[in-house]
$ cat structure.txt   # compact mmCIF, C-alpha atoms
# COMPACT_ATOMS: atom_id res chain seq x y z
CA MET A 1 10.68 -10.40 -4.32
CA ASN A 2 10.32 -12.50 -7.46
CA LEU A 3 6.88 -12.74 -9.05
CA THR A 4 5.57 -15.15 -11.66
CA GLN A 5 3.85 -13.69 -14.70
CA GLU A 6 0.48 -14.43 -13.16
CA GLN A 7 1.33 -12.81 -9.82
CA TRP A 8 2.83 -9.78 -11.59
CA ALA A 9 -0.16 -9.27 -13.89
CA GLU A 10 -2.63 -9.58 -11.03
CA GLN A 11 -0.78 -7.18 -8.71
CA VAL A 12 -0.11 -4.53 -11.36
CA LYS A 13 -3.75 -4.68 -12.50
CA HIS A 14 -4.99 -3.89 -8.99
CA ASP A 15 -2.38 -1.26 -8.07
CA ASP A 16 -3.05 2.08 -9.80
CA ASP A 17 -0.07 3.65 -8.04
CA ALA A 18 2.41 0.97 -9.16
CA VAL A 19 5.45 1.90 -11.22
CA VAL A 20 6.41 -0.55 -13.98
CA LEU A 21 10.16 -0.12 -14.37
CA ASP A 22 12.04 -1.45 -17.40
CA VAL A 23 15.79 -1.58 -16.70
CA ARG A 24 16.87 -2.60 -20.22
CA THR A 25 18.66 -0.35 -22.71
CA ALA A 26 16.74 2.40 -24.51
CA ASP A 27 16.96 0.41 -27.78
CA GLU A 28 15.44 -2.66 -26.13
CA PHE A 29 12.75 -0.51 -24.49
CA ASN A 30 11.84 1.22 -27.76
CA GLU A 31 11.46 -2.12 -29.54
CA VAL A 32 8.94 -3.68 -27.14
CA ARG A 33 7.83 -2.96 -23.58
CA LEU A 34 5.12 -3.65 -21.05
CA PRO A 35 2.21 -1.20 -20.75
CA ARG A 36 2.81 1.76 -18.36
CA ALA A 37 6.57 1.07 -18.31
CA VAL A 38 9.19 3.72 -17.66
CA ASN A 39 12.78 3.09 -18.66
CA ILE A 40 15.89 3.52 -16.52
CA ASP A 41 18.82 1.56 -17.99
CA ILE A 42 20.72 -0.36 -15.30
CA TYR A 43 23.81 -0.34 -17.54
CA LYS A 44 24.12 3.40 -16.81
CA GLY A 45 25.79 2.44 -13.51
CA GLN A 46 25.93 5.54 -11.32
CA GLY A 47 23.45 7.21 -13.66
CA PHE A 48 20.95 4.45 -12.86
CA ILE A 49 21.49 4.98 -9.12
CA ASP A 50 21.12 8.76 -9.52
CA GLU A 51 17.84 8.42 -11.44
CA VAL A 52 16.41 5.78 -9.10
CA ASN A 53 17.28 7.90 -6.06
CA GLN A 54 14.90 10.58 -7.38
CA LEU A 55 11.94 8.17 -7.24
CA ASP A 56 9.43 7.92 -4.39
CA LYS A 57 10.74 5.13 -2.15
CA ASP A 58 7.25 4.45 -0.74
CA ARG A 59 5.68 3.37 -4.03
CA LYS A 60 5.65 -0.18 -5.40
CA TYR A 61 8.06 -0.91 -8.26
CA TYR A 62 7.48 -3.78 -10.66
CA VAL A 63 10.85 -4.23 -12.33
CA TYR A 64 11.64 -6.24 -15.46
CA CYS A 65 14.30 -6.75 -18.10
CA LYS A 66 14.87 -9.24 -20.92
CA ALA A 67 15.26 -12.44 -18.87
CA GLY A 68 15.12 -11.46 -15.19
CA GLY A 69 18.80 -11.04 -14.29
CA ARG A 70 19.23 -7.28 -14.64
CA SER A 71 15.88 -6.63 -13.00
CA GLN A 72 16.77 -8.82 -10.03
CA GLN A 73 20.03 -6.87 -9.68
CA ALA A 74 18.07 -3.60 -9.95
CA CYS A 75 15.69 -4.70 -7.18
CA GLN A 76 18.65 -5.50 -4.93
CA LEU A 77 20.23 -2.10 -5.66
CA MET A 78 16.94 -0.33 -5.01
CA ASN A 79 16.45 -2.21 -1.74
CA ASN A 80 19.95 -1.13 -0.68
CA LEU A 81 18.91 2.46 -1.44
CA GLY A 82 15.90 2.23 0.87
CA PHE A 83 13.10 1.02 -1.42
CA THR A 84 10.86 -1.47 0.38
CA ASN A 85 8.48 -2.61 -2.36
CA THR A 86 10.37 -3.93 -5.40
CA PHE A 87 9.11 -6.87 -7.40
CA ASN A 88 11.09 -8.72 -10.06
CA LEU A 89 9.38 -10.36 -13.05
CA GLU A 90 10.68 -13.92 -13.29
CA GLY A 91 11.78 -14.73 -16.83
CA GLY A 92 11.57 -11.10 -17.94
CA ILE A 93 9.82 -9.85 -21.05
CA THR A 94 11.16 -12.81 -23.04
CA GLN A 95 8.76 -15.16 -21.25
CA TRP A 96 5.93 -12.60 -20.88
CA ARG A 97 2.67 -13.73 -22.46
CA GLY A 98 0.57 -10.68 -21.59
CA GLU A 99 0.02 -7.36 -23.34
CA VAL A 100 3.00 -5.49 -24.78
CA VAL A 101 3.56 -2.16 -26.52
CA GLU A 102 5.58 -2.27 -29.76
CA ASP A 103 6.95 0.62 -31.80
$ encode --input "structure.txt" --output "structure tokens"
Amino acid sequence: MNLTQEQWAEQVKHDDDAVVLDVRTADEFNEVRLPRAVNIDIYKGQGFIDEVNQLDKDRKYYVYCKAGGRSQQACQLMNNLGFTNTFNLEGGITQWRGEVVED
């Protein structure tokens, strides 16, 4: 499911058990990321699938990337693997106007 920035921010704020998943490369992640984010690079291919398969399929996953394409693909992959609560950030971190963490 695609979420606007406003929907995303509101849902993450009220869901202490949510997982914020950044599917960009490690370099992109280390440069700037959303608070609470964990990084699993979708470009790892099978490695991405292997790492995602170790996650709890019952939790809610708020997935983002740079512009929304990779994260939408990640949500589809995760849904195919049995995840039922994946949410894609429309526009990605590029259009994000909320809080970020920078190194």
$ residues_around --input "structure.txt" --residues "Met1 (chain A)" --least-positions-apart "2" --cutoff "9 Å" --atoms "only C-alpha atoms" --output "count of residues only"
8
$ closest_residue --input "structure.txt" --among "A:Gly69, A:Leu55, A:Gln76, A:Val63" --to "Trp8 (chain A)" --atoms "all atoms listed in the file"
A:Val63
$ residues_around --input "structure.txt" --residues "Ala9 (chain A)" --least-positions-apart "3" --cutoff "12 Å" --atoms "all atoms listed in the file" --output "PyMOL selection string"
chain A and resi 3-6+12-15+18+20+34-35+62+87-90+96-100
$ residues_around --input "structure.txt" --residues "Asn39 (chain A)" --least-positions-apart "5" --cutoff "7 Å" --atoms "only C-alpha atoms" --output "number ranges by chain"
A: 21-23, 29
$ closest_residue --input "structure.txt" --among "A:Leu81, A:Ile93, A:Cys65, A:Ser71" --to "Val52 (chain A)" --atoms "only C-alpha atoms"
A:Leu81
$ closest_residue --input "structure.txt" --among "A:Asp16, A:Asp103, A:Glu28, A:Asp58" --to "Met78 (chain A)" --atoms "only C-alpha atoms"
A:Asp58
$ atom_distance --input "structure.txt" --atom1 "CA of Gly45 (chain A)" --atom2 "CA of Tyr61 (chain A)"
18.8 Å
$ closest_residue --input "structure.txt" --among "A:Asn2, A:Gln11, A:Val19, A:Ala67" --to "Ala37 (chain A)" --atoms "only C-alpha atoms"
A:Val19
$ axis_aligned_box --input "structure.txt" --around "region 33-39 of chain A" --padding-each-side "3 Å" --output "lines of an AutoDock Vina configuration file"
center_x = 7.5
center_y = 0.0
center_z = -20.6
size_x = 16.6
size_y = 13.4
size_z = 11.9
$ closest_residue --input "structure.txt" --among "A:Thr84, A:Gln46, A:Gln95, A:Asn79" --to "Tyr64 (chain A)" --atoms "only C-alpha atoms"
A:Gln95
$ atom_distance --input "structure.txt" --atom1 "CA of Gln54 (chain A)" --atom2 "CA of Leu77 (chain A)"
13.9 Å
$ residues_around --input "structure.txt" --residues "Asp41 (chain A)" --least-positions-apart "6" --cutoff "7 Å" --atoms "all atoms listed in the file" --output "compact mmCIF listing (two decimals) with C-alpha atoms, in the frame of the given file"
# COMPACT_ATOMS: atom_id res chain seq x y z
CA VAL A 23 15.79 -1.58 -16.70
CA ARG A 24 16.87 -2.60 -20.22
CA THR A 25 18.66 -0.35 -22.71
CA ALA A 26 16.74 2.40 -24.51
CA PHE A 48 20.95 4.45 -12.86
$ atom_distance --input "structure.txt" --atom1 "CA of Ala74 (chain A)" --atom2 "CA of Tyr43 (chain A)"
10.1 Å
$ decode --input "structure.txt" --residues "region 38-72 of chain A" --atoms "N, CA, C and O atoms" --output "PDB file, in the first residue's frame"
ATOM      1  N   VAL A  38      16.122   0.685   9.523  1.00  0.00           N
ATOM      2  CA  VAL A  38      17.096  -0.386   9.342  1.00  0.00           C
ATOM      3  C   VAL A  38      17.296  -0.531   7.836  1.00  0.00           C
ATOM      4  O   VAL A  38      16.409  -0.231   7.050  1.00  0.00           O
ATOM      5  N   ASN A  39      18.477  -0.983   7.450  1.00  0.00           N
ATOM      6  CA  ASN A  39      18.832  -1.018   6.034  1.00  0.00           C
ATOM      7  C   ASN A  39      18.995  -2.443   5.531  1.00  0.00           C
ATOM      8  O   ASN A  39      19.780  -3.210   6.078  1.00  0.00           O
ATOM      9  N   ILE A  40      18.229  -2.779   4.495  1.00  0.00           N
ATOM     10  CA  ILE A  40      18.429  -4.018   3.744  1.00  0.00           C
ATOM     11  C   ILE A  40      18.366  -3.619   2.273  1.00  0.00           C
ATOM     12  O   ILE A  40      17.306  -3.256   1.765  1.00  0.00           O
ATOM     13  N   ASP A  41      19.495  -3.670   1.600  1.00  0.00           N
ATOM     14  CA  ASP A  41      19.642  -3.201   0.223  1.00  0.00           C
ATOM     15  C   ASP A  41      18.943  -4.146  -0.760  1.00  0.00           C
ATOM     16  O   ASP A  41      19.312  -5.309  -0.885  1.00  0.00           O
ATOM     17  N   ILE A  42      17.950  -3.630  -1.477  1.00  0.00           N
ATOM     18  CA  ILE A  42      17.212  -4.458  -2.436  1.00  0.00           C
ATOM     19  C   ILE A  42      18.102  -4.888  -3.596  1.00  0.00           C
ATOM     20  O   ILE A  42      17.847  -5.911  -4.235  1.00  0.00           O
ATOM     21  N   TYR A  43      19.174  -4.148  -3.867  1.00  0.00           N
ATOM     22  CA  TYR A  43      20.083  -4.519  -4.958  1.00  0.00           C
ATOM     23  C   TYR A  43      20.880  -5.785  -4.641  1.00  0.00           C
ATOM     24  O   TYR A  43      21.577  -6.298  -5.511  1.00  0.00           O
ATOM     25  N   LYS A  44      20.786  -6.286  -3.403  1.00  0.00           N
ATOM     26  CA  LYS A  44      21.468  -7.538  -3.049  1.00  0.00           C
ATOM     27  C   LYS A  44      20.804  -8.757  -3.679  1.00  0.00           C
ATOM     28  O   LYS A  44      21.319  -9.860  -3.567  1.00  0.00           O
ATOM     29  N   GLY A  45      19.645  -8.568  -4.311  1.00  0.00           N
ATOM     30  CA  GLY A  45      18.955  -9.679  -4.971  1.00  0.00           C
ATOM     31  C   GLY A  45      18.553 -10.768  -3.995  1.00  0.00           C
ATOM     32  O   GLY A  45      17.760 -10.547  -3.093  1.00  0.00           O
ATOM     33  N   GLN A  46      19.129 -11.958  -4.176  1.00  0.00           N
ATOM     34  CA  GLN A  46      18.804 -13.085  -3.294  1.00  0.00           C
ATOM     35  C   GLN A  46      19.187 -12.774  -1.852  1.00  0.00           C
ATOM     36  O   GLN A  46      18.508 -13.206  -0.921  1.00  0.00           O
ATOM     37  N   GLY A  47      20.230 -12.011  -1.658  1.00  0.00           N
ATOM     38  CA  GLY A  47      20.628 -11.610  -0.310  1.00  0.00           C
ATOM     39  C   GLY A  47      19.543 -10.799   0.368  1.00  0.00           C
ATOM     40  O   GLY A  47      19.295 -10.948   1.567  1.00  0.00           O
ATOM     41  N   PHE A  48      18.872  -9.937  -0.389  1.00  0.00           N
ATOM     42  CA  PHE A  48      17.746  -9.166   0.147  1.00  0.00           C
ATOM     43  C   PHE A  48      16.638 -10.117   0.573  1.00  0.00           C
ATOM     44  O   PHE A  48      16.113 -10.020   1.684  1.00  0.00           O
ATOM     45  N   ILE A  49      16.292 -11.053  -0.292  1.00  0.00           N
ATOM     46  CA  ILE A  49      15.231 -12.026   0.016  1.00  0.00           C
ATOM     47  C   ILE A  49      15.597 -12.832   1.256  1.00  0.00           C
ATOM     48  O   ILE A  49      14.759 -13.033   2.138  1.00  0.00           O
ATOM     49  N   ASP A  50      16.848 -13.281   1.336  1.00  0.00           N
ATOM     50  CA  ASP A  50      17.290 -14.064   2.493  1.00  0.00           C
ATOM     51  C   ASP A  50      17.159 -13.267   3.790  1.00  0.00           C
ATOM     52  O   ASP A  50      16.682 -13.791   4.798  1.00  0.00           O
ATOM     53  N   GLU A  51      17.590 -12.000   3.768  1.00  0.00           N
ATOM     54  CA  GLU A  51      17.508 -11.176   4.981  1.00  0.00           C
ATOM     55  C   GLU A  51      16.057 -10.881   5.353  1.00  0.00           C
ATOM     56  O   GLU A  51      15.686 -10.947   6.523  1.00  0.00           O
ATOM     57  N   VAL A  52      15.239 -10.554   4.380  1.00  0.00           N
ATOM     58  CA  VAL A  52      13.833 -10.229   4.629  1.00  0.00           C
ATOM     59  C   VAL A  52      13.095 -11.448   5.187  1.00  0.00           C
ATOM     60  O   VAL A  52      12.255 -11.321   6.068  1.00  0.00           O
ATOM     61  N   ASN A  53      13.436 -12.618   4.683  1.00  0.00           N
ATOM     62  CA  ASN A  53      12.777 -13.848   5.147  1.00  0.00           C
ATOM     63  C   ASN A  53      13.025 -14.129   6.625  1.00  0.00           C
ATOM     64  O   ASN A  53      12.298 -14.909   7.231  1.00  0.00           O
ATOM     65  N   GLN A  54      14.035 -13.507   7.209  1.00  0.00           N
ATOM     66  CA  GLN A  54      14.328 -13.700   8.632  1.00  0.00           C
ATOM     67  C   GLN A  54      13.497 -12.767   9.519  1.00  0.00           C
ATOM     68  O   GLN A  54      13.493 -12.900  10.739  1.00  0.00           O
ATOM     69  N   LEU A  55      12.788 -11.826   8.904  1.00  0.00           N
ATOM     70  CA  LEU A  55      11.989 -10.861   9.661  1.00  0.00           C
ATOM     71  C   LEU A  55      10.644 -11.464  10.069  1.00  0.00           C
ATOM     72  O   LEU A  55      10.161 -12.397   9.449  1.00  0.00           O
ATOM     73  N   ASP A  56      10.034 -10.868  11.087  1.00  0.00           N
ATOM     74  CA  ASP A  56       8.718 -11.277  11.578  1.00  0.00           C
ATOM     75  C   ASP A  56       7.651 -10.812  10.594  1.00  0.00           C
ATOM     76  O   ASP A  56       7.424  -9.617  10.422  1.00  0.00           O
ATOM     77  N   LYS A  57       6.988 -11.751   9.941  1.00  0.00           N
ATOM     78  CA  LYS A  57       6.010 -11.425   8.900  1.00  0.00           C
ATOM     79  C   LYS A  57       4.734 -10.786   9.453  1.00  0.00           C
ATOM     80  O   LYS A  57       3.935 -10.244   8.699  1.00  0.00           O
ATOM     81  N   ASP A  58       4.538 -10.808  10.768  1.00  0.00           N
ATOM     82  CA  ASP A  58       3.334 -10.247  11.369  1.00  0.00           C
ATOM     83  C   ASP A  58       3.468  -8.769  11.742  1.00  0.00           C
ATOM     84  O   ASP A  58       2.480  -8.126  12.082  1.00  0.00           O
ATOM     85  N   ARG A  59       4.676  -8.240  11.685  1.00  0.00           N
ATOM     86  CA  ARG A  59       4.869  -6.824  12.026  1.00  0.00           C
ATOM     87  C   ARG A  59       4.524  -5.940  10.833  1.00  0.00           C
ATOM     88  O   ARG A  59       4.382  -6.417   9.707  1.00  0.00           O
ATOM     89  N   LYS A  60       4.434  -4.640  11.072  1.00  0.00           N
ATOM     90  CA  LYS A  60       4.182  -3.675   9.996  1.00  0.00           C
ATOM     91  C   LYS A  60       5.520  -3.109   9.530  1.00  0.00           C
ATOM     92  O   LYS A  60       6.365  -2.731  10.349  1.00  0.00           O
ATOM     93  N   TYR A  61       5.690  -3.054   8.205  1.00  0.00           N
ATOM     94  CA  TYR A  61       6.927  -2.568   7.606  1.00  0.00           C
ATOM     95  C   TYR A  61       6.650  -1.334   6.768  1.00  0.00           C
ATOM     96  O   TYR A  61       5.870  -1.377   5.816  1.00  0.00           O
ATOM     97  N   TYR A  62       7.310  -0.253   7.147  1.00  0.00           N
ATOM     98  CA  TYR A  62       7.210   1.013   6.428  1.00  0.00           C
ATOM     99  C   TYR A  62       8.489   1.129   5.600  1.00  0.00           C
ATOM    100  O   TYR A  62       9.575   1.319   6.148  1.00  0.00           O
ATOM    101  N   VAL A  63       8.346   0.966   4.300  1.00  0.00           N
ATOM    102  CA  VAL A  63       9.488   0.780   3.402  1.00  0.00           C
ATOM    103  C   VAL A  63       9.697   2.041   2.558  1.00  0.00           C
ATOM    104  O   VAL A  63       8.740   2.610   2.025  1.00  0.00           O
ATOM    105  N   TYR A  64      10.957   2.455   2.443  1.00  0.00           N
ATOM    106  CA  TYR A  64      11.248   3.620   1.601  1.00  0.00           C
ATOM    107  C   TYR A  64      12.585   3.459   0.899  1.00  0.00           C
ATOM    108  O   TYR A  64      13.409   2.618   1.262  1.00  0.00           O
ATOM    109  N   CYS A  65      12.765   4.274  -0.139  1.00  0.00           N
ATOM    110  CA  CYS A  65      14.027   4.339  -0.869  1.00  0.00           C
ATOM    111  C   CYS A  65      14.241   5.794  -1.258  1.00  0.00           C
ATOM    112  O   CYS A  65      13.738   6.696  -0.598  1.00  0.00           O
ATOM    113  N   LYS A  66      14.944   6.030  -2.354  1.00  0.00           N
ATOM    114  CA  LYS A  66      15.225   7.402  -2.769  1.00  0.00           C
ATOM    115  C   LYS A  66      13.977   8.089  -3.329  1.00  0.00           C
ATOM    116  O   LYS A  66      13.660   9.211  -2.956  1.00  0.00           O
ATOM    117  N   ALA A  67      13.273   7.411  -4.254  1.00  0.00           N
ATOM    118  CA  ALA A  67      12.143   8.063  -4.933  1.00  0.00           C
ATOM    119  C   ALA A  67      10.845   7.254  -4.911  1.00  0.00           C
ATOM    120  O   ALA A  67       9.828   7.716  -5.390  1.00  0.00           O
ATOM    121  N   GLY A  68      10.875   6.044  -4.374  1.00  0.00           N
ATOM    122  CA  GLY A  68       9.658   5.255  -4.251  1.00  0.00           C
ATOM    123  C   GLY A  68       9.584   4.022  -5.133  1.00  0.00           C
ATOM    124  O   GLY A  68       8.724   3.170  -4.934  1.00  0.00           O
ATOM    125  N   GLY A  69      10.466   3.888  -6.107  1.00  0.00           N
ATOM    126  CA  GLY A  69      10.436   2.748  -7.016  1.00  0.00           C
ATOM    127  C   GLY A  69      10.950   1.460  -6.395  1.00  0.00           C
ATOM    128  O   GLY A  69      10.286   0.424  -6.434  1.00  0.00           O
ATOM    129  N   ARG A  70      12.152   1.522  -5.833  1.00  0.00           N
ATOM    130  CA  ARG A  70      12.731   0.322  -5.206  1.00  0.00           C
ATOM    131  C   ARG A  70      11.890  -0.136  -4.023  1.00  0.00           C
ATOM    132  O   ARG A  70      11.711  -1.336  -3.812  1.00  0.00           O
ATOM    133  N   SER A  71      11.369   0.813  -3.264  1.00  0.00           N
ATOM    134  CA  SER A  71      10.583   0.435  -2.084  1.00  0.00           C
ATOM    135  C   SER A  71       9.253  -0.194  -2.501  1.00  0.00           C
ATOM    136  O   SER A  71       8.781  -1.124  -1.851  1.00  0.00           O
ATOM    137  N   GLN A  72       8.674   0.271  -3.589  1.00  0.00           N
ATOM    138  CA  GLN A  72       7.443  -0.353  -4.074  1.00  0.00           C
ATOM    139  C   GLN A  72       7.741  -1.784  -4.516  1.00  0.00           C
ATOM    140  O   GLN A  72       6.987  -2.708  -4.209  1.00  0.00           O
TER     141      GLN A  72
END
